[in-house]
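Here is the file my_file.cif (mmCIF, C-alpha atoms).
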data_coords
#
loop_
_atom_site.group_PDB
_atom_site.id
_atom_site.type_symbol
_atom_site.label_atom_id
_atom_site.label_comp_id
_atom_site.auth_asym_id
_atom_site.auth_seq_id
_atom_site.Cartn_x
_atom_site.Cartn_y
_atom_site.Cartn_z
ATOM 1 C CA MET A 1 1.749 -3.150 -20.653
ATOM 2 C CA ALA A 2 -1.053 -4.707 -22.708
ATOM 3 C CA PRO A 3 -2.025 -8.298 -21.863
ATOM 4 C CA GLY A 4 -0.489 -10.910 -24.119
ATOM 5 C CA ALA A 5 -2.518 -13.560 -25.867
ATOM 6 C CA VAL A 6 -1.926 -16.124 -23.113
ATOM 7 C CA THR A 7 -2.911 -13.670 -20.385
ATOM 8 C CA ARG A 8 -6.027 -12.600 -22.259
ATOM 9 C CA LYS A 9 -7.061 -16.230 -22.774
ATOM 10 C CA ARG A 10 -6.583 -16.900 -19.092
ATOM 11 C CA LEU A 11 -8.593 -13.823 -18.107
ATOM 12 C CA ALA A 12 -11.385 -14.808 -20.493
ATOM 13 C CA SER A 13 -11.630 -18.224 -18.864
ATOM 14 C CA ALA A 14 -11.606 -16.754 -15.353
ATOM 15 C CA ALA A 15 -14.126 -14.053 -16.260
ATOM 16 C CA ARG A 16 -16.599 -16.639 -17.538
ATOM 17 C CA ALA A 17 -16.207 -18.627 -14.336
ATOM 18 C CA ALA A 18 -16.545 -15.544 -12.125
ATOM 19 C CA LEU A 19 -19.410 -13.763 -13.854
ATOM 20 C CA GLY A 20 -21.269 -16.615 -15.541
ATOM 21 C CA GLY A 21 -24.525 -16.071 -17.367
ATOM 22 C CA GLY A 22 -23.130 -17.083 -20.727
ATOM 23 C CA ARG A 23 -21.168 -13.865 -20.942
ATOM 24 C CA ARG A 24 -18.169 -13.531 -23.227
ATOM 25 C CA LEU A 25 -15.104 -11.365 -22.590
ATOM 26 C CA GLU A 26 -15.242 -8.403 -24.963
ATOM 27 C CA ALA A 27 -12.258 -6.291 -23.853
ATOM 28 C CA VAL A 28 -9.377 -6.188 -21.392
ATOM 29 C CA GLU A 29 -8.204 -2.763 -20.210
ATOM 30 C CA ARG A 30 -5.139 -2.298 -18.055
ATOM 31 C CA VAL A 31 -5.872 -0.101 -15.041
ATOM 32 C CA ALA A 32 -3.108 2.409 -14.359
ATOM 33 C CA GLY A 33 -1.150 2.432 -11.126
ATOM 34 C CA GLY A 34 -0.213 -1.160 -10.388
ATOM 35 C CA SER A 35 3.500 -1.763 -9.893
ATOM 36 C CA LYS A 36 3.532 -5.180 -8.163
ATOM 37 C CA LYS A 37 0.637 -6.916 -9.898
ATOM 38 C CA GLY A 38 -1.355 -6.649 -13.084
ATOM 39 C CA VAL A 39 -4.693 -4.880 -12.652
ATOM 40 C CA TYR A 40 -7.116 -5.288 -15.540
ATOM 41 C CA ARG A 41 -10.714 -4.233 -16.140
ATOM 42 C CA LEU A 42 -12.663 -7.050 -17.779
ATOM 43 C CA VAL A 43 -15.506 -5.898 -20.018
ATOM 44 C CA MET A 44 -18.035 -8.541 -20.993
ATOM 45 C CA ASP A 45 -20.209 -8.541 -24.103
ATOM 46 C CA ASP A 46 -23.236 -7.365 -22.064
ATOM 47 C CA ALA A 47 -21.222 -4.461 -20.550
ATOM 48 C CA THR A 48 -20.821 -6.235 -17.196
ATOM 49 C CA THR A 49 -17.381 -5.423 -15.777
ATOM 50 C CA ALA A 50 -15.020 -6.754 -13.127
ATOM 51 C CA ILE A 51 -11.418 -6.188 -12.060
ATOM 52 C CA ALA A 52 -8.728 -8.873 -12.303
ATOM 53 C CA TYR A 53 -5.654 -8.913 -10.074
ATOM 54 C CA LEU A 54 -2.840 -10.990 -11.509
ATOM 55 C CA TRP A 55 0.209 -11.698 -9.345
ATOM 56 C CA ASP A 56 2.674 -12.797 -11.983
ATOM 57 C CA ASP A 57 6.403 -12.073 -12.178
ATOM 58 C CA ALA A 58 5.852 -10.531 -15.602
ATOM 59 C CA GLU A 59 3.471 -7.986 -14.025
ATOM 60 C CA ASN A 60 5.863 -6.895 -11.264
ATOM 61 C CA TYR A 61 7.956 -3.834 -12.125
ATOM 62 C CA TRP A 62 10.075 -4.028 -8.959
ATOM 63 C CA PRO A 63 13.593 -5.449 -9.333
ATOM 64 C CA ALA A 64 14.006 -8.574 -7.230
ATOM 65 C CA ALA A 65 15.811 -8.089 -3.918
ATOM 66 C CA GLU A 66 17.012 -10.389 -1.175
ATOM 67 C CA GLY A 67 14.274 -11.073 1.370
ATOM 68 C CA ASP A 68 11.372 -10.289 -0.957
ATOM 69 C CA ASP A 69 9.740 -13.623 -0.120
ATOM 70 C CA ASP A 70 10.282 -13.362 3.652
ATOM 71 C CA LEU A 71 6.753 -12.842 4.948
ATOM 72 C CA THR A 72 8.031 -12.580 8.515
ATOM 73 C CA ASP A 73 9.341 -9.143 7.529
ATOM 74 C CA PRO A 74 6.305 -6.840 7.884
ATOM 75 C CA PHE A 75 7.697 -4.638 5.116
ATOM 76 C CA SER A 76 8.531 -7.295 2.543
ATOM 77 C CA PRO A 77 6.545 -6.866 -0.698
ATOM 78 C CA GLY A 78 2.859 -7.599 -0.363
ATOM 79 C CA LEU A 79 2.512 -10.134 -3.154
ATOM 80 C CA GLY A 80 0.073 -12.933 -3.740
ATOM 81 C CA LEU A 81 -3.367 -14.256 -3.072
ATOM 82 C CA ASP A 82 -2.741 -15.436 0.500
ATOM 83 C CA LEU A 83 -1.879 -11.912 1.646
ATOM 84 C CA PHE A 84 -4.818 -10.465 -0.262
ATOM 85 C CA GLU A 85 -7.342 -12.907 1.188
ATOM 86 C CA ALA A 86 -6.093 -12.503 4.780
ATOM 87 C CA ALA A 87 -6.282 -8.724 4.488
ATOM 88 C CA HIS A 88 -9.708 -8.894 2.837
ATOM 89 C CA THR A 89 -11.041 -11.143 5.608
ATOM 90 C CA ARG A 90 -9.738 -8.919 8.404
ATOM 91 C CA LEU A 91 -10.950 -5.644 6.905
ATOM 92 C CA THR A 92 -14.368 -7.087 6.057
ATOM 93 C CA ALA A 93 -14.761 -8.352 9.630
ATOM 94 C CA LEU A 94 -14.094 -4.817 10.873
ATOM 95 C CA GLY A 95 -16.702 -3.318 8.549
ATOM 96 C CA VAL A 96 -14.146 -1.690 6.269
ATOM 97 C CA ARG A 97 -15.418 -1.612 2.695
ATOM 98 C CA VAL A 98 -13.238 -3.527 0.216
ATOM 99 C CA PRO A 99 -14.064 -4.782 -3.296
ATOM 100 C CA ALA A 100 -16.171 -7.949 -3.187
ATOM 101 C CA ILE A 101 -14.391 -11.084 -4.364
ATOM 102 C CA ARG A 102 -15.924 -12.859 -7.376
ATOM 103 C CA LEU A 103 -13.298 -15.578 -7.910
ATOM 104 C CA VAL A 104 -9.897 -16.672 -6.652
ATOM 105 C CA ASP A 105 -7.540 -19.014 -8.448
ATOM 106 C CA ARG A 106 -4.225 -20.025 -6.925
ATOM 107 C CA GLU A 107 -0.984 -20.645 -8.744
ATOM 108 C CA GLY A 108 -1.356 -23.759 -10.862
ATOM 109 C CA GLY A 109 -5.143 -23.677 -10.607
ATOM 110 C CA ALA A 110 -7.818 -23.898 -13.272
ATOM 111 C CA HIS A 111 -6.994 -20.576 -14.894
ATOM 112 C CA GLY A 112 -3.225 -20.487 -15.190
ATOM 113 C CA PRO A 113 0.168 -20.616 -13.515
ATOM 114 C CA ALA A 114 -0.026 -17.559 -11.185
ATOM 115 C CA ASP A 115 -2.301 -16.296 -8.414
ATOM 116 C CA LEU A 116 -5.415 -14.552 -9.723
ATOM 117 C CA ALA A 117 -8.414 -12.827 -8.167
ATOM 118 C CA ILE A 118 -11.440 -11.277 -9.828
ATOM 119 C CA VAL A 119 -13.219 -8.638 -7.783
ATOM 120 C CA GLU A 120 -16.012 -6.117 -7.992
ATOM 121 C CA ASP A 121 -15.392 -3.189 -10.343
ATOM 122 C CA LEU A 122 -15.946 0.178 -8.698
ATOM 123 C CA ARG A 123 -16.298 2.632 -11.556
ATOM 124 C CA GLY A 124 -16.381 5.766 -9.406
ATOM 125 C CA GLU A 125 -13.437 8.076 -8.875
ATOM 126 C CA SER A 126 -10.666 7.744 -6.340
ATOM 127 C CA LEU A 127 -10.644 9.812 -3.174
ATOM 128 C CA GLU A 128 -7.615 11.594 -4.604
ATOM 129 C CA ASP A 129 -9.589 12.696 -7.665
ATOM 130 C CA LEU A 130 -12.646 13.628 -5.597
ATOM 131 C CA LEU A 131 -10.580 15.829 -3.261
ATOM 132 C CA ALA A 132 -9.023 17.561 -6.252
ATOM 133 C CA ARG A 133 -12.407 18.094 -7.907
ATOM 134 C CA ASP A 134 -14.667 19.043 -4.972
ATOM 135 C CA ARG A 135 -13.446 19.047 -1.362
ATOM 136 C CA ARG A 136 -16.949 19.751 -0.069
ATOM 137 C CA ALA A 137 -18.319 16.669 -1.822
ATOM 138 C CA ALA A 138 -15.500 14.668 -0.240
ATOM 139 C CA THR A 139 -16.506 15.654 3.317
ATOM 140 C CA PRO A 140 -18.895 12.711 3.989
ATOM 141 C CA VAL A 141 -16.449 10.283 2.364
ATOM 142 C CA MET A 142 -13.674 11.489 4.663
ATOM 143 C CA ALA A 143 -15.983 11.102 7.660
ATOM 144 C CA ARG A 144 -16.693 7.505 6.689
ATOM 145 C CA LEU A 145 -12.994 6.876 6.123
ATOM 146 C CA ALA A 146 -12.325 8.218 9.624
ATOM 147 C CA ALA A 147 -14.870 5.694 10.966
ATOM 148 C CA SER A 148 -13.115 2.874 9.102
ATOM 149 C CA LEU A 149 -9.771 3.969 10.522
ATOM 150 C CA ALA A 150 -11.289 4.050 14.009
ATOM 151 C CA ALA A 151 -12.448 0.437 13.631
ATOM 152 C CA MET A 152 -8.973 -0.580 12.434
ATOM 153 C CA ARG A 153 -7.356 1.352 15.277
ATOM 154 C CA ALA A 154 -9.568 -0.260 17.911
ATOM 155 C CA TYR A 155 -8.671 -3.824 16.930
ATOM 156 C CA ARG A 156 -5.973 -5.513 19.014
ATOM 157 C CA ALA A 157 -3.849 -8.242 17.476
ATOM 158 C CA PRO A 158 -1.710 -10.615 19.562
ATOM 159 C CA ALA A 159 1.489 -9.738 17.663
ATOM 160 C CA TYR A 160 2.787 -7.437 14.951
ATOM 161 C CA GLY A 161 3.329 -8.426 11.347
ATOM 162 C CA LYS A 162 1.460 -9.198 8.165
ATOM 163 C CA ALA A 163 -2.153 -10.213 8.746
ATOM 164 C CA ALA A 164 -1.592 -13.474 6.853
ATOM 165 C CA VAL A 165 1.339 -14.384 9.116
ATOM 166 C CA VAL A 166 -0.134 -13.409 12.483
ATOM 167 C CA ASP A 167 -3.606 -14.820 11.803
ATOM 168 C CA ALA A 168 -1.979 -18.153 10.943
ATOM 169 C CA GLY A 169 -0.134 -18.179 14.280
ATOM 170 C CA GLY A 170 3.219 -17.102 12.859
ATOM 171 C CA THR A 171 5.869 -14.823 14.325
ATOM 172 C CA SER A 172 7.469 -11.843 12.620
ATOM 173 C CA ARG A 173 11.140 -10.933 12.672
ATOM 174 C CA GLY A 174 12.513 -8.485 15.221
ATOM 175 C CA THR A 175 11.332 -7.648 18.721
ATOM 176 C CA SER A 176 9.233 -4.499 18.244
ATOM 177 C CA CYS A 177 7.559 -2.322 15.628
ATOM 178 C CA GLU A 178 10.019 0.497 16.203
ATOM 179 C CA GLY A 179 12.945 -1.926 15.929
ATOM 180 C CA VAL A 180 11.703 -3.252 12.601
ATOM 181 C CA VAL A 181 11.203 0.308 11.341
ATOM 182 C CA LEU A 182 14.701 1.333 12.433
ATOM 183 C CA ASP A 183 16.314 -1.641 10.702
ATOM 184 C CA ARG A 184 14.421 -0.923 7.512
ATOM 185 C CA ALA A 185 15.195 2.801 7.655
ATOM 186 C CA LEU A 186 18.915 2.128 8.004
ATOM 187 C CA ARG A 187 18.770 -0.139 4.950
ATOM 188 C CA ASP A 188 16.841 2.486 2.989
ATOM 189 C CA LEU A 189 19.355 5.133 4.027
ATOM 190 C CA ALA A 190 22.278 2.997 2.857
ATOM 191 C CA GLU A 191 20.570 2.306 -0.453
ATOM 192 C CA ALA A 192 19.607 5.938 -1.048
ATOM 193 C CA ALA A 193 23.136 7.091 -0.118
ATOM 194 C CA SER A 194 24.586 4.691 -2.693
ATOM 195 C CA ARG A 195 22.420 6.289 -5.386
ATOM 196 C CA ASP A 196 22.493 10.000 -4.591
ATOM 197 C CA PRO A 197 25.489 12.092 -3.454
ATOM 198 C CA ARG A 198 23.301 14.394 -1.353
ATOM 199 C CA MET A 199 22.132 11.458 0.731
ATOM 200 C CA ALA A 200 25.680 10.165 0.949
ATOM 201 C CA GLY A 201 26.841 13.518 2.271
ATOM 202 C CA ALA A 202 24.156 13.564 4.969
ATOM 203 C CA ARG A 203 24.268 9.859 5.779
ATOM 204 C CA ASP A 204 26.007 10.203 9.151
ATOM 205 C CA ARG A 205 23.574 12.889 10.319
ATOM 206 C CA LEU A 206 20.569 10.911 9.144
ATOM 207 C CA GLU A 207 21.795 7.734 10.823
ATOM 208 C CA GLU A 208 22.474 9.585 14.074
ATOM 209 C CA ARG A 209 19.001 11.100 13.919
ATOM 210 C CA LEU A 210 17.362 7.723 13.324
ATOM 211 C CA LEU A 211 19.181 6.127 16.256
ATOM 212 C CA GLY A 212 18.307 9.018 18.544
ATOM 213 C CA LEU A 213 14.630 8.959 17.600
ATOM 214 C CA ALA A 214 14.452 5.187 18.065
ATOM 215 C CA ALA A 215 16.085 5.418 21.510
ATOM 216 C CA ALA A 216 13.348 7.810 22.659
ATOM 217 C CA VAL A 217 10.499 5.411 21.823
ATOM 218 C CA ARG A 218 9.063 3.669 24.861
ATOM 219 C CA PRO A 219 8.098 -0.028 24.657
ATOM 220 C CA ARG A 220 4.561 -0.894 23.639
ATOM 221 C CA ALA A 221 2.712 -4.138 22.923
ATOM 222 C CA GLU A 222 -0.506 -2.964 21.258
ATOM 223 C CA TYR A 223 -0.953 -3.696 17.578
ATOM 224 C CA ALA A 224 -3.787 -2.272 15.486
ATOM 225 C CA VAL A 225 -4.799 -2.971 11.891
ATOM 226 C CA VAL A 226 -2.805 -0.851 9.452
ATOM 227 C CA HIS A 227 -3.220 -0.671 5.673
ATOM 228 C CA GLY A 228 0.336 0.587 5.279
ATOM 229 C CA GLU A 229 -0.077 2.669 2.123
ATOM 230 C CA LEU A 230 -3.469 4.277 2.580
ATOM 231 C CA GLY A 231 -2.989 7.208 0.266
ATOM 232 C CA PRO A 232 -6.033 8.781 -1.417
ATOM 233 C CA ASP A 233 -5.179 6.869 -4.596
ATOM 234 C CA HIS A 234 -5.742 3.635 -2.661
ATOM 235 C CA VAL A 235 -9.276 4.644 -1.655
ATOM 236 C CA LEU A 236 -12.070 4.433 -4.217
ATOM 237 C CA VAL A 237 -15.531 5.911 -3.731
ATOM 238 C CA ASP A 238 -18.490 3.640 -4.446
ATOM 239 C CA ALA A 239 -21.907 4.651 -5.778
ATOM 240 C CA ASP A 240 -23.194 5.239 -2.234
ATOM 241 C CA GLY A 241 -20.319 7.509 -1.279
ATOM 242 C CA ASN A 242 -18.478 4.904 0.787
ATOM 243 C CA PRO A 243 -14.669 4.762 0.823
ATOM 244 C CA VAL A 244 -13.345 1.454 -0.498
ATOM 245 C CA ALA A 245 -9.791 0.359 0.364
ATOM 246 C CA ILE A 246 -7.773 -1.206 -2.450
ATOM 247 C CA ASP A 247 -4.189 -2.502 -2.791
ATOM 248 C CA ILE A 248 -4.664 -4.219 0.546
ATOM 249 C CA GLU A 249 -2.016 -6.947 0.390
ATOM 250 C CA GLY A 250 0.236 -4.980 2.731
ATOM 251 C CA VAL A 251 -2.304 -4.936 5.585
ATOM 252 C CA MET A 252 -0.551 -5.710 8.852
ATOM 253 C CA TYR A 253 -0.836 -5.440 12.605
ATOM 254 C CA PHE A 254 1.401 -2.595 13.669
ATOM 255 C CA ASP A 255 1.702 0.761 15.398
ATOM 256 C CA VAL A 256 -1.191 2.979 14.340
ATOM 257 C CA GLU A 257 1.278 5.862 14.089
ATOM 258 C CA TRP A 258 2.746 4.254 10.956
ATOM 259 C CA GLU A 259 -0.612 4.668 9.187
ATOM 260 C CA HIS A 260 -1.108 8.236 10.314
ATOM 261 C CA VAL A 261 2.348 9.379 9.236
ATOM 262 C CA PHE A 262 1.623 8.049 5.755
ATOM 263 C CA LEU A 263 -1.796 9.709 5.709
ATOM 264 C CA ARG A 264 -0.254 13.038 6.730
ATOM 265 C CA ILE A 265 2.397 12.774 4.021
ATOM 266 C CA ARG A 266 -0.133 11.991 1.322
ATOM 267 C CA LEU A 267 -3.079 14.183 2.324
ATOM 268 C CA HIS A 268 -1.406 17.334 3.671
ATOM 269 C CA ASP A 269 -4.185 19.759 4.775
ATOM 270 C CA ASP A 270 -6.866 17.245 3.756
ATOM 271 C CA TYR A 271 -5.648 14.996 6.598
ATOM 272 C CA ARG A 272 -7.467 17.063 9.267
ATOM 273 C CA PRO A 273 -10.756 15.068 9.268
ATOM 274 C CA LEU A 274 -8.707 11.934 10.026
ATOM 275 C CA GLU A 275 -6.734 13.369 12.966
ATOM 276 C CA VAL A 276 -6.915 11.463 16.247
ATOM 277 C CA ALA A 277 -5.742 12.309 19.738
ATOM 278 C CA GLY A 278 -3.272 10.304 21.749
ATOM 279 C CA LEU A 279 -0.767 9.284 19.115
ATOM 280 C CA ASP A 280 2.790 8.775 20.360
ATOM 281 C CA GLU A 281 4.869 11.769 19.299
ATOM 282 C CA ASP A 282 8.152 9.847 19.573
ATOM 283 C CA ARG A 283 6.884 7.172 17.227
ATOM 284 C CA LEU A 284 5.507 9.786 14.850
ATOM 285 C CA ALA A 285 8.920 11.468 14.647
ATOM 286 C CA LEU A 286 10.789 8.224 13.997
ATOM 287 C CA TYR A 287 8.259 6.993 11.478
ATOM 288 C CA LEU A 288 8.223 10.288 9.592
ATOM 289 C CA LEU A 289 11.950 10.146 8.893
ATOM 290 C CA ALA A 290 11.751 6.413 8.147
ATOM 291 C CA GLN A 291 8.969 6.937 5.602
ATOM 292 C CA ARG A 292 10.796 9.796 3.917
ATOM 293 C CA LEU A 293 13.788 7.492 3.472
ATOM 294 C CA SER A 294 11.581 4.672 2.224
ATOM 295 C CA LEU A 295 9.875 6.979 -0.264
ATOM 296 C CA THR A 296 13.309 7.958 -1.537
ATOM 297 C CA ALA A 297 14.982 4.566 -1.749
ATOM 298 C CA GLY A 298 11.914 2.685 -3.038
ATOM 299 C CA PRO A 299 11.224 4.845 -6.104
ATOM 300 C CA LEU A 300 14.934 4.968 -6.957
ATOM 301 C CA ARG A 301 14.987 1.166 -6.836
ATOM 302 C CA LEU A 302 11.854 0.943 -8.980
ATOM 303 C CA LEU A 303 13.534 3.085 -11.620
ATOM 304 C CA ASP A 304 16.150 0.331 -12.051
ATOM 305 C CA GLY A 305 13.443 -1.625 -13.840
ATOM 306 C CA ASP A 306 11.115 -0.740 -16.725
ATOM 307 C CA PHE A 307 8.395 1.065 -14.774
ATOM 308 C CA PRO A 308 6.669 3.221 -17.419
ATOM 309 C CA ASP A 309 5.854 6.457 -15.541
ATOM 310 C CA ARG A 310 9.452 7.323 -14.779
ATOM 311 C CA ALA A 311 9.091 11.075 -14.357
ATOM 312 C CA PHE A 312 6.361 10.615 -11.751
ATOM 313 C CA MET A 313 8.450 8.144 -9.761
ATOM 314 C CA ALA A 314 11.554 10.317 -9.991
ATOM 315 C CA ASP A 315 9.534 13.254 -8.630
ATOM 316 C CA ILE A 316 8.450 11.177 -5.623
ATOM 317 C CA ALA A 317 12.051 10.242 -4.876
ATOM 318 C CA GLU A 318 13.276 13.816 -5.240
ATOM 319 C CA HIS A 319 10.552 15.331 -3.057
ATOM 320 C CA ASN A 320 11.061 12.858 -0.244
ATOM 321 C CA LEU A 321 14.847 13.080 -0.464
ATOM 322 C CA ARG A 322 14.606 16.827 0.116
ATOM 323 C CA GLN A 323 12.146 16.350 2.965
ATOM 324 C CA ALA A 324 14.470 13.834 4.654
ATOM 325 C CA LEU A 325 17.398 16.216 4.378
ATOM 326 C CA GLU A 326 15.330 19.043 5.863
ATOM 327 C CA LEU A 327 14.647 16.905 8.935
ATOM 328 C CA VAL A 328 18.366 16.992 9.763
ATOM 329 C CA GLY A 329 18.999 20.512 8.543
ATOM 330 C CA ALA A 330 20.972 19.388 5.511
#
Could you write out this structure as structure tokens?
Amino acid sequence: MAPGAVTRKRLASAARAALGGGRRLEAVERVAGGSKKGVYRLVMDDATTAIAYLWDDAENYWPAAEGDDDLTDPFSPGLGLDLFEAAHTRLTALGVRVPAIRLVDREGGAHGPADLAIVEDLRGESLEDLLARDRRAATPVMARLAASLAAMRAYRAPAYGKAAVVDAGGTSRGTSCEGVVLDRALRDLAEAASRDPRMAGARDRLEERLLGLAAAVRPRAEYAVVHGELGPDHVLVDADGNPVAIDIEGVMYFDVEWEHVFLRIRLHDDYRPLEVAGLDEDRLALYLLAQRLSLTAGPLRLLDGDFPDRAFMADIAEHNLRQALELVGA
């Protein structure tokens, strides 16, 4: 999706305010990968660059669903500047590298009708690309990522939920992390079963498995900092070899096992440098099935809209559907 004339004009105005120095916007390049917000590289006439995040309905490929704007649901879409700034503040305080903020402009502000942020442009490759190109070169980056995860894991929040909600003194829905995950997993199962006959045929077994796994989880009231979708595509590598977390709006206080299940799913054998002792096996089992269901239902839902890379998203849904069925022997 190329930026329209109005969007380009808005970005030009914001870029001048953010980068100053009499610079003029030379080019706007859409950065691949964003599905909930527009991500654009801004190239100035002196070759200075920055990245613009634009949270506008026109930039969101996800079909609207009931509860999308309910921030008390830890898993509602991470949209908007408030979530971004709260996550940025928390991660920065913990020493986790995130792109530096150059400018923020809220809905109805000086630069247009929707939330906008301009941040540092990190022109290096993603961790995903680095691992594919040279695993040995990725070793120190993985070690630094493990240190960042340790700092996030060591933090203790007073409650679970989105960082923006909890840090403002709010309360999230539900009574426990595992309860919220179970509720979401049952919804994802119902949605996936309505879209695929294989899931429909295994629905009873999957539901029984979810309920059994949830019943085995013992109560806990310790909530760490969790990115939520910390795949290697959401980690950039800066010029000094430091991992930089991006797409941070979903940062929440939650069970650390949720993060590590996602990391295992995304990294496979490359996960080993990030392994930690003492994770709760019951939570890991519940969260693994829940994430497989989420990674089936979510991509299928996204394909209802006009997301451009349809084959890629369909492959994600198919892979995770098969993995979910394997967990119940279907």
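Minimum atom-to-atom distances from A:Phe262, A:Phe307, A:Phe312, A:Phe75 to Arg292 in chain A were compared using all atoms listed in the file, and the lowest value belongs to A:Phe262.
You can rank A:Arg209, A:Arg220, A:Arg264, A:Arg144 by their closest distance to Ala159 in chain A using only C-alpha atoms, and at the top of that list sits A:Arg220.
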*What separation in Å, quoted to one decimal, exists between CA of Leu263 in chain A and CA of Val98 in chain A?*
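If I compute the distance from CA of Leu263 in chain A to CA of Val98 in chain A, I get 18.3 Å.
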*How many Å lie between CA of Asp56 in chain A and CA of Arg10 in chain A, rounded to one decimal?*
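Answer for the CA of Asp56 in chain A to CA of Arg10 in chain A separation: 12.4 Å.
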*Please write as JSON, numbers by chain the full residue list that the PyMOL selection byres ((chain A and resi 321) around 8) yields on this file.*
{"A": [199, 292, 293, 295, 296, 317, 318, 319, 320, 322, 323, 324, 325]}
*Mind telling me what the PyMOL selection byres ((chain A and resi 82) around 10) catches here, as a list in words?*
Gly78, Leu79, Gly80, Leu81, Leu83, Phe84, Glu85, Ala86, Ala87, His88, Arg106, Asp115, Ala163, Ala164, Val165 and Glu249 of chain A
_What does the structure give for the distance between CA of Glu107 in chain A and CA of Arg16 in chain A, in Å to one decimal?_
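Here the two named atoms are 18.4 Å from each other.
Residue nearest Pro140 in chain A within the list A:Arg156, A:Ala297, A:Asp240, A:Leu186: A:Asp240 [criterion: smallest interatomic distance, all atoms listed in the file].
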_Nearest-residue call for Tyr223 in chain A, choices A:Val244, A:Gly161, A:Leu42, A:Asp282, using all atoms listed in the file_ =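 Using all atoms listed in the file, the shortest distance to Tyr223 in chain A belongs to A:Gly161.
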*Top pick for closest residue to Ala245 in chain A, considering A:Pro158, A:Gly38, A:Pro99, A:Pro63 and counting all atoms listed in the file*: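 The shortest atom-to-atom distance to Ala245 in chain A comes from A:Pro99.
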*Which residues match the PyMOL selection byres ((chain A and resi 127-137) around 6) in the file above, as a list in words?*
Ser126, Ala138, Thr139, Pro232, Asp233, Val235 and Leu236 of chain A
_Give me, as JSON, numbers by chain, all polymer residues having an atom no more than 8 Å from Arg203 in chain A, counting all atoms listed in the file and skipping those fewer than 2 positions away in the same chain._
{"A": [189, 190, 193, 199, 200, 201, 205, 206, 207]}
Using C-alpha atoms, can you write the selected residues to a file as an mmCIF file, in the frame of the given file?
data_model
loop_
_atom_site.group_PDB
_atom_site.id
_atom_site.type_symbol
_atom_site.label_atom_id
_atom_site.label_comp_id
_atom_site.auth_asym_id
_atom_site.auth_seq_id
_atom_site.Cartn_x
_atom_site.Cartn_y
_atom_site.Cartn_z
ATOM 1 C CA LEU A 189 19.355 5.133 4.027
ATOM 2 C CA ALA A 190 22.278 2.997 2.857
ATOM 3 C CA ALA A 193 23.136 7.091 -0.118
ATOM 4 C CA MET A 199 22.132 11.458 0.731
ATOM 5 C CA ALA A 200 25.680 10.165 0.949
ATOM 6 C CA GLY A 201 26.841 13.518 2.271
ATOM 7 C CA ARG A 205 23.574 12.889 10.319
ATOM 8 C CA LEU A 206 20.569 10.911 9.144
ATOM 9 C CA GLU A 207 21.795 7.734 10.823
#
*Quick one: of A:Gly212, A:Gly22, A:Gly95, A:Gly67, who's nearest to Met152 in chain A, counting all atoms listed in the file?*
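So, comparing all the options, the nearest one is A:Gly95.
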